[in-house]
Every structure is written in C-alpha cells, then in structure tokens.
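Q: So here's entry-v2.cif (mmCIF, C-alpha atoms).
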```
data_model
#
loop_
_atom_site.label_atom_id
_atom_site.label_comp_id
_atom_site.auth_asym_id
_atom_site.auth_seq_id
_atom_site.Cartn_x
_atom_site.Cartn_y
_atom_site.Cartn_z
CA MET A 737 -73.64 -280.22 -124.22
CA SER A 738 -75.42 -277.02 -123.52
CA GLY A 739 -73.43 -273.87 -123.94
CA SER A 740 -70.84 -275.50 -126.10
CA ALA A 741 -72.26 -274.04 -129.29
CA LEU A 742 -71.44 -270.54 -128.14
CA ALA A 743 -68.17 -269.61 -126.52
CA ILE A 744 -66.76 -266.32 -125.40
CA VAL A 745 -63.01 -265.96 -125.25
CA GLY A 746 -61.09 -263.16 -123.65
CA LYS A 747 -59.25 -261.86 -120.64
CA LYS A 748 -60.88 -262.67 -117.35
CA GLU A 749 -61.70 -259.14 -116.35
CA THR A 750 -63.35 -258.29 -119.63
CA ILE A 751 -65.63 -261.25 -120.16
CA MET A 752 -66.42 -262.40 -116.65
CA PRO A 753 -70.00 -261.09 -116.59
CA PHE A 754 -70.87 -263.31 -119.55
CA LEU A 755 -70.69 -266.28 -117.21
CA ALA A 756 -74.20 -265.46 -116.12
CA THR A 757 -75.62 -265.77 -119.61
CA GLY A 758 -75.04 -269.50 -119.83
CA ALA A 759 -72.49 -269.24 -122.61
CA LYS A 760 -69.20 -271.06 -122.34
CA VAL A 761 -66.66 -268.59 -121.10
CA VAL A 762 -62.96 -269.25 -121.62
CA TYR A 763 -60.34 -267.05 -120.05
CA VAL A 764 -57.14 -266.60 -122.00
CA LYS A 765 -53.98 -264.59 -121.72
CA GLN A 766 -52.18 -262.72 -124.47
CA GLY A 767 -50.53 -265.21 -126.80
CA GLU A 768 -52.61 -268.30 -126.16
CA CYS A 769 -55.84 -267.22 -127.76
CA ALA A 770 -55.22 -268.86 -131.13
CA GLU A 771 -54.61 -272.24 -129.57
CA VAL A 772 -57.71 -272.04 -127.41
CA ILE A 773 -59.88 -271.07 -130.35
CA GLU A 774 -58.52 -273.89 -132.51
CA ASP A 775 -59.38 -276.25 -129.71
CA LEU A 776 -62.91 -274.88 -129.42
CA VAL A 777 -63.44 -275.22 -133.15
CA ARG A 778 -62.25 -278.82 -133.01
CA HIS A 779 -64.85 -279.50 -130.34
CA GLY A 780 -67.59 -278.16 -132.58
CA THR A 781 -68.14 -274.70 -131.19
CA LYS A 782 -70.12 -272.79 -133.79
CA ILE A 783 -69.94 -269.24 -132.57
CA ILE A 784 -66.84 -267.93 -130.90
CA LEU A 785 -66.90 -264.37 -129.70
CA PHE A 786 -63.51 -263.00 -128.71
CA THR A 787 -62.55 -259.63 -127.40
CA GLU A 788 -61.10 -257.41 -130.05
CA GLU A 789 -57.71 -257.03 -128.38
CA PHE A 790 -56.84 -260.49 -129.70
CA ILE A 791 -57.50 -259.73 -133.36
CA ASP A 792 -53.82 -259.47 -134.21
CA GLU A 793 -52.90 -262.92 -132.96
CA LEU A 794 -55.86 -264.46 -134.70
CA GLN A 795 -55.31 -263.16 -138.21
CA GLU A 796 -54.31 -266.57 -139.47
CA ILE A 797 -57.31 -268.40 -138.05
CA LEU A 798 -59.70 -265.68 -139.15
CA HIS A 799 -58.33 -265.97 -142.65
CA HIS A 800 -58.55 -269.73 -142.58
CA TYR A 801 -62.24 -269.88 -141.62
CA ARG A 802 -63.17 -266.93 -143.81
CA THR A 803 -64.98 -269.01 -146.38
CA GLU A 804 -66.68 -271.51 -144.09
CA THR A 805 -70.23 -271.18 -142.85
CA VAL A 806 -69.24 -272.19 -139.34
CA PRO A 807 -67.37 -271.54 -137.09
CA CYS A 808 -68.31 -267.96 -136.78
CA LEU A 809 -65.44 -265.98 -135.25
CA ILE A 810 -66.54 -262.54 -134.24
CA PRO A 811 -64.59 -259.88 -132.37
CA ILE A 812 -66.59 -258.07 -129.70
CA PRO A 813 -65.78 -254.80 -128.01
CA THR A 814 -64.18 -255.06 -124.59
CA GLY A 815 -66.50 -252.63 -122.92
CA ARG A 816 -63.71 -250.52 -121.56
CA GLY A 817 -62.47 -247.83 -123.84
CA LYS A 818 -63.00 -248.06 -127.57
CA THR A 819 -60.26 -249.70 -129.50
CA LYS A 820 -62.25 -249.90 -132.75
CA ARG A 821 -60.18 -252.83 -133.94
CA ALA A 822 -63.21 -254.87 -134.85
CA ILE A 823 -64.75 -252.04 -136.82
CA GLU A 824 -61.46 -251.47 -138.62
CA ARG A 825 -61.41 -255.10 -139.59
CA ILE A 826 -64.92 -255.06 -140.98
CA ARG A 827 -64.14 -251.86 -142.79
CA GLY A 828 -61.12 -253.53 -144.39
CA VAL A 829 -63.23 -256.48 -145.53
CA ILE A 830 -65.81 -254.18 -147.11
CA LYS A 831 -63.19 -251.99 -148.71
CA ARG A 832 -61.61 -254.98 -150.39
CA ALA A 833 -64.94 -256.29 -151.62
CA VAL A 834 -66.68 -253.13 -152.73
CA GLY A 835 -63.61 -251.16 -153.69
CA ALA A 836 -64.70 -248.13 -151.72
CA ASP A 837 -65.03 -247.27 -148.08
CA VAL A 838 -68.77 -247.42 -147.60
CA PHE A 839 -68.60 -248.22 -143.92
CA LEU A 840 -68.63 -244.65 -142.75
CA GLU A 841 -69.48 -243.86 -139.21
CA GLU A 842 -72.15 -241.33 -138.63
CA LYS A 843 -70.63 -238.42 -136.95
CA MET B 1453 -53.42 -261.60 -176.87
CA ARG B 1454 -54.08 -264.02 -179.70
CA LEU B 1455 -54.78 -267.63 -178.80
CA ASP B 1456 -52.42 -270.23 -180.11
CA ILE B 1457 -54.84 -271.96 -182.43
CA PRO B 1458 -54.39 -273.11 -186.05
CA PRO B 1459 -56.28 -270.83 -188.46
CA THR B 1460 -58.77 -273.31 -189.86
CA ARG B 1461 -62.48 -273.17 -190.52
CA MET B 1462 -63.11 -275.81 -187.85
CA GLN B 1463 -61.29 -273.75 -185.23
CA LEU B 1464 -63.15 -270.64 -186.31
CA LEU B 1465 -66.49 -272.33 -185.69
CA ARG B 1466 -65.30 -273.62 -182.34
CA LEU B 1467 -64.03 -270.21 -181.32
CA LYS B 1468 -67.27 -268.53 -182.27
CA ARG B 1469 -69.14 -270.96 -180.06
CA ARG B 1470 -66.66 -270.34 -177.24
CA GLY B 1471 -67.12 -266.62 -177.65
CA ILE B 1472 -70.88 -266.96 -177.24
CA VAL B 1473 -70.50 -269.08 -174.11
CA ALA B 1474 -67.94 -266.68 -172.67
CA ARG B 1475 -70.25 -263.72 -173.24
CA ARG B 1476 -73.17 -265.49 -171.63
CA GLY B 1477 -70.99 -266.49 -168.68
CA HIS B 1478 -69.76 -262.95 -168.36
CA LYS B 1479 -73.28 -261.58 -168.25
CA LEU B 1480 -74.32 -264.12 -165.63
CA LEU B 1481 -71.30 -263.42 -163.44
CA LYS B 1482 -71.79 -259.71 -163.80
CA ASP B 1483 -75.39 -260.07 -162.64
CA LYS B 1484 -74.20 -262.17 -159.74
CA GLN B 1485 -71.66 -259.55 -158.81
CA ASP B 1486 -74.30 -256.83 -158.87
CA GLU B 1487 -76.61 -258.86 -156.68
CA LEU B 1488 -73.83 -259.64 -154.18
CA MET B 1489 -72.97 -255.97 -154.09
CA ARG B 1490 -76.58 -255.04 -153.38
CA GLN B 1491 -76.75 -257.57 -150.56
CA ILE B 1492 -73.50 -256.40 -149.02
CA LEU B 1493 -74.43 -252.73 -149.09
CA GLU B 1494 -77.69 -253.57 -147.38
CA LEU B 1495 -75.81 -255.48 -144.69
CA VAL B 1496 -73.23 -252.80 -144.08
CA ASN B 1497 -75.68 -250.34 -142.58
CA ARG B 1498 -77.29 -252.95 -140.39
CA ILE B 1499 -73.95 -254.12 -139.07
CA ARG B 1500 -72.73 -250.64 -138.39
CA ASP B 1501 -75.81 -249.70 -136.39
CA LEU B 1502 -75.79 -252.95 -134.49
CA ARG B 1503 -72.10 -252.72 -133.66
CA LEU B 1504 -72.31 -249.18 -132.41
CA ARG B 1505 -75.32 -250.07 -130.30
CA ILE B 1506 -73.65 -253.13 -128.85
CA GLU B 1507 -70.55 -251.15 -128.04
CA GLU B 1508 -72.59 -248.57 -126.18
CA GLU B 1509 -74.66 -251.08 -124.26
CA LEU B 1510 -71.68 -253.20 -123.42
CA SER B 1511 -69.78 -250.34 -121.90
CA ALA B 1512 -72.88 -249.38 -119.91
CA ALA B 1513 -73.26 -252.93 -118.66
CA PHE B 1514 -69.60 -253.17 -117.76
CA GLY B 1515 -69.88 -249.89 -115.95
CA TYR B 1516 -72.53 -251.36 -113.70
CA PHE B 1517 -70.55 -254.54 -113.32
CA TYR B 1518 -67.34 -252.87 -112.23
CA PHE B 1519 -69.29 -250.67 -109.92
CA ALA B 1520 -70.96 -253.71 -108.39
CA SER B 1521 -67.80 -255.72 -108.04
CA SER B 1522 -66.04 -252.86 -106.33
CA LYS B 1523 -68.80 -252.67 -103.77
CA GLN B 1524 -68.87 -256.31 -102.83
CA ALA B 1525 -66.38 -259.02 -102.02
CA PRO B 1526 -64.73 -260.54 -105.14
CA LYS B 1527 -65.80 -263.95 -104.02
CA ALA B 1528 -69.41 -262.83 -103.85
CA THR B 1529 -69.22 -261.72 -107.48
CA ASP B 1530 -67.76 -265.04 -108.57
CA GLU B 1531 -70.39 -266.95 -106.70
CA ALA B 1532 -73.19 -264.82 -108.02
CA LEU B 1533 -72.06 -265.36 -111.58
CA LEU B 1534 -71.82 -269.09 -111.14
CA ALA B 1535 -75.23 -269.31 -109.50
CA THR B 1536 -77.06 -268.73 -112.73
CA THR B 1537 -79.21 -271.55 -114.01
CA LYS B 1538 -79.31 -270.10 -117.45
CA THR B 1539 -78.31 -272.19 -120.39
CA ILE B 1540 -78.03 -271.06 -123.94
CA ASP B 1541 -78.01 -273.45 -126.80
CA VAL B 1542 -77.44 -272.36 -130.32
CA ASP B 1543 -78.44 -274.25 -133.36
CA TYR B 1544 -77.70 -273.22 -136.88
CA THR B 1545 -79.18 -273.79 -140.26
CA ALA B 1546 -77.49 -272.80 -143.46
CA GLU B 1547 -79.43 -270.40 -145.62
CA ARG B 1548 -78.60 -269.82 -149.23
CA ILE B 1549 -77.71 -266.53 -150.81
CA LEU B 1550 -76.88 -267.32 -154.42
CA ASN B 1551 -74.26 -270.07 -154.15
CA LEU B 1552 -73.29 -269.21 -150.61
CA ARG B 1553 -74.37 -270.91 -147.47
CA VAL B 1554 -74.74 -268.37 -144.72
CA PRO B 1555 -75.52 -269.35 -141.16
CA LYS B 1556 -78.79 -268.59 -139.46
CA PHE B 1557 -78.65 -269.13 -135.75
CA SER B 1558 -81.56 -270.11 -133.63
CA ARG B 1559 -81.17 -270.04 -129.90
CA LYS B 1560 -82.75 -271.84 -127.04
CA ILE B 1561 -82.39 -270.03 -123.78
CA SER B 1562 -83.66 -271.54 -120.61
CA GLY B 1563 -83.27 -271.02 -116.90
CA GLY B 1564 -83.21 -267.92 -114.77
CA LEU B 1565 -80.54 -265.32 -114.88
CA ILE B 1566 -80.29 -264.37 -111.27
CA GLY B 1567 -79.72 -267.23 -108.93
CA TYR B 1568 -78.11 -265.46 -106.03
CA GLY B 1569 -79.39 -263.84 -102.88
CA PHE B 1570 -79.82 -260.18 -102.09
CA LEU B 1571 -77.46 -260.02 -99.19
CA ALA B 1572 -73.97 -260.44 -100.55
CA THR B 1573 -74.42 -258.62 -103.83
CA SER B 1574 -75.21 -255.09 -104.82
CA GLY B 1575 -78.14 -254.02 -106.96
CA ASP B 1576 -75.83 -252.87 -109.69
CA LEU B 1577 -74.88 -256.45 -110.38
CA ASP B 1578 -78.51 -257.24 -111.23
CA LEU B 1579 -78.59 -254.34 -113.65
CA ALA B 1580 -75.30 -255.36 -115.24
CA LEU B 1581 -76.38 -258.96 -115.73
CA LEU B 1582 -79.77 -258.02 -117.12
CA LYS B 1583 -78.09 -255.79 -119.66
CA ILE B 1584 -75.54 -258.42 -120.61
CA ASP B 1585 -78.28 -260.97 -120.95
CA GLN B 1586 -80.08 -258.80 -123.46
CA LEU B 1587 -76.80 -258.19 -125.21
CA ILE B 1588 -76.03 -261.80 -125.86
CA VAL B 1589 -79.01 -262.00 -128.22
CA ARG B 1590 -77.71 -259.00 -130.13
CA LEU B 1591 -74.25 -260.50 -130.22
CA LEU B 1592 -75.67 -263.62 -131.83
CA GLU B 1593 -77.37 -261.47 -134.41
CA LEU B 1594 -74.12 -259.62 -135.01
CA ALA B 1595 -72.26 -262.89 -135.40
CA GLU B 1596 -74.74 -264.00 -138.03
CA LEU B 1597 -74.57 -260.73 -139.96
CA GLU B 1598 -70.80 -260.40 -139.83
CA LYS B 1599 -70.28 -263.94 -141.00
CA THR B 1600 -72.66 -263.30 -143.87
CA LEU B 1601 -70.77 -260.14 -144.71
CA GLU B 1602 -67.47 -261.93 -144.70
CA LEU B 1603 -68.75 -264.71 -146.93
CA LEU B 1604 -70.29 -262.21 -149.32
CA ALA B 1605 -67.11 -260.19 -149.40
CA THR B 1606 -64.91 -263.13 -150.33
CA GLU B 1607 -67.42 -264.20 -152.95
CA ILE B 1608 -67.48 -260.71 -154.44
CA GLU B 1609 -63.72 -260.72 -154.67
CA LYS B 1610 -63.76 -264.06 -156.44
CA THR B 1611 -66.57 -263.09 -158.77
CA ARG B 1612 -64.91 -259.83 -159.65
CA ARG B 1613 -61.74 -261.62 -160.64
CA ARG B 1614 -63.73 -263.93 -162.85
CA VAL B 1615 -65.73 -261.13 -164.43
CA ASN B 1616 -62.58 -259.19 -165.15
CA ALA B 1617 -60.75 -262.22 -166.50
CA LEU B 1618 -63.59 -262.84 -168.94
CA GLU B 1619 -64.12 -259.21 -169.84
CA TYR B 1620 -60.54 -258.11 -170.28
CA ILE B 1621 -58.69 -261.28 -171.20
CA LEU B 1622 -60.71 -264.17 -172.55
CA ILE B 1623 -63.35 -262.37 -174.61
CA PRO B 1624 -60.91 -259.92 -176.27
CA SER B 1625 -58.46 -262.69 -177.09
CA ILE B 1626 -61.22 -264.83 -178.60
CA ASP B 1627 -62.37 -261.87 -180.66
CA GLU B 1628 -58.84 -261.15 -181.78
CA THR B 1629 -58.24 -264.77 -182.73
CA ILE B 1630 -61.51 -264.92 -184.69
CA LYS B 1631 -60.48 -261.80 -186.57
CA PHE B 1632 -57.04 -263.24 -187.21
CA ILE B 1633 -58.45 -266.52 -188.55
CA LYS B 1634 -60.87 -264.66 -190.82
CA LEU B 1635 -58.08 -262.52 -192.23
CA LYS B 1636 -55.83 -265.51 -192.62
CA MET B 1637 -58.55 -267.43 -194.43
CA SER B 1638 -59.37 -264.63 -196.82
CA GLU B 1639 -55.64 -264.30 -197.43
CA ILE B 1640 -55.46 -268.01 -198.27
CA GLU B 1641 -58.50 -267.61 -200.51
CA ARG B 1642 -56.94 -264.71 -202.37
CA GLY B 1643 -53.72 -266.69 -202.67
CA ASP B 1644 -55.67 -269.62 -204.14
CA LEU B 1645 -57.50 -267.36 -206.55
CA THR B 1646 -54.39 -265.68 -207.93
CA ARG B 1647 -52.65 -269.03 -208.15
CA LEU B 1648 -55.61 -270.38 -210.10
CA MET B 1649 -55.66 -267.39 -212.42
CA ARG B 1650 -51.95 -267.71 -212.95
CA ILE B 1651 -52.26 -271.43 -213.72
CA LYS B 1652 -55.14 -270.74 -216.08
CA ASP B 1653 -53.00 -268.15 -217.86
CA ILE B 1654 -50.17 -270.62 -218.12
CA VAL B 1655 -52.50 -273.30 -219.45
CA ARG B 1656 -54.05 -270.90 -221.98
CA GLY B 1657 -50.68 -269.55 -223.06
CA LYS B 1658 -49.56 -273.04 -223.86
#
```
How would this structure read if it were set down as structure tokens?

A:
Amino acid sequence: MSGSALAIVGKKETIMPFLATGAKVVYVKQGECAEVIEDLVRHGTKIILFTEEFIDELQEILHHYRTETVPCLIPIPTGRGKTKRAIERIRGVIKRAVGADVFLEEK
Amino acid sequence: MRLDIPPTRMQLLRLKRRGIVARRGHKLLKDKQDELMRQILELVNRIRDLRLRIEEELSAAFGYFYFASSKQAPKATDEALLATTKTIDVDYTAERILNLRVPKFSRKISGGLIGYGFLATSGDLDLALLKIDQLIVRLLELAELEKTLELLATEIEKTRRRVNALEYILIPSIDETIKFIKLKMSEIERGDLTRLMRIKDIVRGK
C-alpha cells in the first residue's frame, strides 16, 4: 500500500499539512502515541516520524528498536516554538557513545 | 586477578596462545572502535546542520500554513489537503558499515501536490505545502542519518566495553597467570634440584 512505508504521528494541529505530501498521517493525543506506533510497526511501517513532544512517552519503544535497522523512529520538530527535545536526545546518544559532548550548536 | 588454572607446562602453553589471541582481538576491536568513532563524528556535523535547517524551514512552512488556515474556512483547508494526488513510497536497502546494517531509503514520489482550486484557498497554503513537500525529502534523509547514528552509537558502546574488558581484565590476568606459572615452575625445579642434591649427598654419605 502506498504511503504505508512512511508515517507521521502527532497532534492534529501540528502535522496536518503533511497530509498533502502523500505520507500516512496519524493523529494521536497525549498518552496514546506508544500504542499507535507499536501498531504501525506491526503493520510494517519503516519510517515513523513523530513530533518531539511525545519523546517522553516513547522512551521504551525507542530503546527497544535502538539496535534494529528498521523501523526508523525519528522525532521531528513541531514547527511551533523550539522545544529542542529531539536535539537533546541525539546529544545524549552521542555523549554516551563518544564520551564527550561533540554535538555543539553553532552560536 | 589470577586465573584459576593449575600451574603446569601444558596450561602455560595454552595460556600463551590465549594471550596472543586476546592481543590480536584487542587490536582488531580497537581499530573497529576508532573507525566507528570516525564515522560517528562525521555524521554528527551533518545531522546537526540538517536538523537546524529542517527546524527553520518547518517553522516557516507552518507559519504560512497557519496564516492560510486562518484566512479560509477550516473545511476548505481539510479539503485542500485531501485533494492531493501525491503518493510517496519508501523502499529501503540495508547498507553495511563494518558489521552494522544501516538503512538507505529510496523514495518514489508520484502525483501532483496541489489538487485544489484557487477559489476557496489562500495563496499562502500553496507556499506552505510546497515547502512541506520539499521538507519531506529532507526528513527522510534525516531519518536515515539519525538511525545510522543510533546504530553506530550502540555499537561503539558495545565495542568499548569489549575493548576495555580485554585491555584491563583479560590480558592482564593472562599475563599475571603466565608469570605465576613460570615462577611456580622454577620453584618446583629448584625444589627438585635441592632434593636431588640432598639425596645424592645421602647416597654418597652412606
């Protein structure tokens, strides 16, 4: 099925415009994101982009699929305001691996 | 820490062989760790630039979108978004970096983005959708890079543990045990020699 390989998950107001791109867009509310993503993975979705406000509820799933090639779970910015959660997460991953904070933002 | 191994010549030979293998393994793993580190540092800059760019473009696109949806009826926005004939299909192949399989995504995009009329929607919606459409390609690229980064990072952690275990635990304890067996054996040899001399003395004295 077309569009099923790529899904975008988030609150309706933040991901609505992605409907036009042909990707599968799934609206979720706080607290149900993990379930929805599990379901998408079960149906073979390879790339799941979710808005970064859901990072906290997804820690477990993110950890679980950390070592697998797919699915690819990637937090995306919400477009309104900068929460920086996704960048913080990546920074944490790099810090653990390299042992130093090399992900410095150019300021 | 000394290994719990009987101090015999056989064990000494075995340990020496193990020591050589451990050293070779350590060197290999160390090289692997260095290579992973090089790869990850290369990725970090690319990801950072891409992320910051995406963030900027996304907020610009959303700006247009909110502007457009405030100017037109909500229903018109919904309809306009659903009128797209665009489909995006993503296929992935696994590429190898050392022992890791990292995803490489290829995409097939078809259809037109804007499938709605001019009347009910504002021009800002066109701008917003065009921007978002360009963004989706970048987001795919980001997905690919971040997944690679994550895989590399976990592999580095694992490799580092192994390197350290070999370097600080296994190799030193093998060395220590080899030394212990050598000392023990020369001690036994000296013991034998003195015993022999003593026996010889006893025999001669008789």

Q: Would you mind listing what lies within 7 Å of segment 766-783 of chain A as a ChimeraX atom specification, with only C-alpha atoms counted and same-chain residues fewer than 6 positions away left out?

A: /A:740-743,793-794,806-809

Q: Output the selection as a PDB file, in the coordinates of the input - C-alpha atoms for each residue.

A:
```pdb
ATOM      1  CA  SER A 740     -70.840-275.500-126.100  1.00  0.00           C
ATOM      2  CA  ALA A 741     -72.260-274.040-129.290  1.00  0.00           C
ATOM      3  CA  LEU A 742     -71.440-270.540-128.140  1.00  0.00           C
ATOM      4  CA  ALA A 743     -68.170-269.610-126.520  1.00  0.00           C
ATOM      5  CA  GLU A 793     -52.900-262.920-132.960  1.00  0.00           C
ATOM      6  CA  LEU A 794     -55.860-264.460-134.700  1.00  0.00           C
ATOM      7  CA  VAL A 806     -69.240-272.190-139.340  1.00  0.00           C
ATOM      8  CA  PRO A 807     -67.370-271.540-137.090  1.00  0.00           C
ATOM      9  CA  CYS A 808     -68.310-267.960-136.780  1.00  0.00           C
ATOM     10  CA  LEU A 809     -65.440-265.980-135.250  1.00  0.00           C
TER      11      LEU A 809
END
```

Q: Can you measure atom CA of Leu1604 of chain B to atom CA of Ile830 of chain A for me? One decimal in Å is fine.

A: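 Result for atom CA of Leu1604 of chain B versus atom CA of Ile830 of chain A: 9.5 Å, one decimal.
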
Q: Please provide as a list of chain:residue names all residues within 10 Å of segment 1567-1569 of chain B, with the sequence filter that same-chain residues fewer than 2 positions apart are discarded (counting all atoms listed in the file).

A: A:Ala756, B:Ala1528, B:Thr1529, B:Glu1531, B:Ala1532, B:Leu1533, B:Leu1534, B:Ala1535, B:Thr1536, B:Thr1537, B:Lys1538, B:Gly1563, B:Gly1564, B:Leu1565, B:Leu1571, B:Ala1572, B:Thr1573, B:Ser1574, B:Asp1578

Q: Could you check which of B:Val1554, B:Leu1618, B:Ile1623, B:Leu1577 is closest to chain A, using only C-alpha atoms?

A: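 Under the stated criterion, the closest residue is B:Val1554.
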
Q: Report as a Markdown table the residues of chain B within 7 Å of chain A, each with its shortest atom pair and distance in Å (one decimal), using all atoms listed in the file, ordered by chain and increasing residue number.

A:
```
| residue | atom | partner | partner_atom | distance |
| --- | --- | --- | --- | --- |
| B:Val1496 | CA | A:Phe839 | CA | 6.5 |
| B:Glu1507 | CA | A:Pro813 | CA | 6.0 |
| B:Leu1510 | CA | A:Gly815 | CA | 5.2 |
| B:Ser1511 | CA | A:Gly815 | CA | 4.1 |
| B:Phe1514 | CA | A:Gly815 | CA | 6.0 |
| B:Leu1533 | CA | A:Ala756 | CA | 5.0 |
| B:Leu1534 | CA | A:Ala756 | CA | 6.6 |
| B:Thr1536 | CA | A:Ala756 | CA | 5.5 |
| B:Lys1538 | CA | A:Gly758 | CA | 4.9 |
| B:Thr1539 | CA | A:Gly758 | CA | 4.3 |
| B:Ile1540 | CA | A:Gly758 | CA | 5.3 |
| B:Asp1541 | CA | A:Gly739 | CA | 5.4 |
| B:Val1542 | CA | A:Ala741 | CA | 5.5 |
| B:Arg1553 | CA | A:Thr805 | CA | 6.2 |
| B:Val1554 | CA | A:Thr805 | CA | 5.6 |
| B:Pro1555 | CA | A:Thr805 | CA | 5.8 |
| B:Leu1565 | CA | A:Ala756 | CA | 6.5 |
| B:Leu1581 | CA | A:Pro753 | CA | 6.8 |
| B:Ile1584 | CA | A:Phe754 | CA | 6.8 |
| B:Asp1585 | CA | A:Thr757 | CA | 5.6 |
| B:Ala1595 | CA | A:Ile810 | CA | 5.8 |
| B:Lys1599 | CA | A:Cys808 | CA | 6.2 |
| B:Glu1602 | CA | A:Arg802 | CA | 6.7 |
| B:Leu1603 | CA | A:Thr803 | CA | 5.7 |
| B:Ala1605 | CA | A:Ala833 | CA | 5.0 |
| B:Thr1606 | CA | A:Ala833 | CA | 7.0 |
| B:Ile1608 | CA | A:Ala833 | CA | 5.8 |
| B:Glu1609 | CA | A:Ala833 | CA | 5.5 |
```

Q: For a test of reading the model, state the distance in Å between atom CA of Asp1501 of chain B and atom CA of Val1589 of chain B, rounded to one decimal.

A: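 Atom-to-atom, atom CA of Asp1501 of chain B to atom CA of Val1589 of chain B, that is 15.1 Å.
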
Q: List every protein, DNA or RNA residue that has an atom no more than 6 Å from (-55.1, -261.1, -176.9) in the file's coordinate frame, counting only C-alpha atoms, and report them as a PyMOL selection string.

A: chain B and resi 1453-1454+1624-1625

Q: Got a sec: who's within 12 Å of Met1462 of chain B, counting only C-alpha atoms, leaving out chain neighbours fewer than 6 positions off, as a list in words?

A: Lys1468, Arg1469, Ile1630, Ile1633, Lys1634 and Met1637 of chain B

Q: For the structure provided, state which residues fall under the PyMOL selection byres ((chain B and resi 1484) around 12), and present them as JSON, numbers by chain.

A: {"B": [1477, 1478, 1479, 1480, 1481, 1482, 1483, 1485, 1486, 1487, 1488, 1489, 1490, 1491, 1549, 1550, 1551, 1552, 1604, 1607, 1608, 1609, 1610, 1611, 1612, 1614, 1615]}

Q: Quote the spacing between atom CA of Leu1622 of chain B and atom CA of Ala1474 of chain B in Å to one decimal place.

A: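 If I compute the distance from atom CA of Leu1622 of chain B to atom CA of Ala1474 of chain B, I get 7.7 Å.
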
Q: May I have the protein, DNA and RNA residues with an atom at most 9 Å from (-56.8, -252.2, -130.1), counting only C-alpha atoms in the file's coordinates, returned as a ChimeraX atom specification?

A: /A:788-792,818-822

Q: If I only want segment 768-779 of chain A, can you write it with N, CA and C atoms, as a PDB file, in the first residue's frame?

A:
```pdb
ATOM      1  N   GLU A 768      -1.435   8.174  23.981  1.00  0.00           N
ATOM      2  CA  GLU A 768      -1.760   7.011  23.153  1.00  0.00           C
ATOM      3  C   GLU A 768      -0.752   6.822  22.030  1.00  0.00           C
ATOM      4  N   CYS A 769       0.289   7.585  22.071  1.00  0.00           N
ATOM      5  CA  CYS A 769       1.257   7.568  20.972  1.00  0.00           C
ATOM      6  C   CYS A 769       1.986   6.224  20.879  1.00  0.00           C
ATOM      7  N   ALA A 770       2.379   5.703  22.042  1.00  0.00           N
ATOM      8  CA  ALA A 770       3.154   4.462  22.055  1.00  0.00           C
ATOM      9  C   ALA A 770       2.386   3.327  21.390  1.00  0.00           C
ATOM     10  N   GLU A 771       1.117   3.250  21.747  1.00  0.00           N
ATOM     11  CA  GLU A 771       0.272   2.187  21.206  1.00  0.00           C
ATOM     12  C   GLU A 771       0.169   2.289  19.687  1.00  0.00           C
ATOM     13  N   VAL A 772      -0.085   3.513  19.235  1.00  0.00           N
ATOM     14  CA  VAL A 772      -0.244   3.751  17.798  1.00  0.00           C
ATOM     15  C   VAL A 772       1.032   3.376  17.053  1.00  0.00           C
ATOM     16  N   ILE A 773       2.167   3.736  17.628  1.00  0.00           N
ATOM     17  CA  ILE A 773       3.428   3.447  16.942  1.00  0.00           C
ATOM     18  C   ILE A 773       3.702   1.950  16.899  1.00  0.00           C
ATOM     19  N   GLU A 774       3.414   1.276  18.006  1.00  0.00           N
ATOM     20  CA  GLU A 774       3.564  -0.186  18.015  1.00  0.00           C
ATOM     21  C   GLU A 774       2.741  -0.813  16.895  1.00  0.00           C
ATOM     22  N   ASP A 775       1.539  -0.299  16.758  1.00  0.00           N
ATOM     23  CA  ASP A 775       0.629  -0.818  15.749  1.00  0.00           C
ATOM     24  C   ASP A 775       1.193  -0.587  14.345  1.00  0.00           C
ATOM     25  N   LEU A 776       1.720   0.601  14.131  1.00  0.00           N
ATOM     26  CA  LEU A 776       2.301   0.930  12.821  1.00  0.00           C
ATOM     27  C   LEU A 776       3.479   0.015  12.508  1.00  0.00           C
ATOM     28  N   VAL A 777       4.302  -0.211  13.527  1.00  0.00           N
ATOM     29  CA  VAL A 777       5.469  -1.075  13.329  1.00  0.00           C
ATOM     30  C   VAL A 777       5.016  -2.485  12.953  1.00  0.00           C
ATOM     31  N   ARG A 778       3.983  -2.954  13.651  1.00  0.00           N
ATOM     32  CA  ARG A 778       3.451  -4.295  13.359  1.00  0.00           C
ATOM     33  C   ARG A 778       2.968  -4.394  11.930  1.00  0.00           C
ATOM     34  N   HIS A 779       2.456  -3.289  11.400  1.00  0.00           N
ATOM     35  CA  HIS A 779       1.970  -3.309  10.026  1.00  0.00           C
ATOM     36  C   HIS A 779       3.070  -2.998   9.012  1.00  0.00           C
TER      37      HIS A 779
END
```
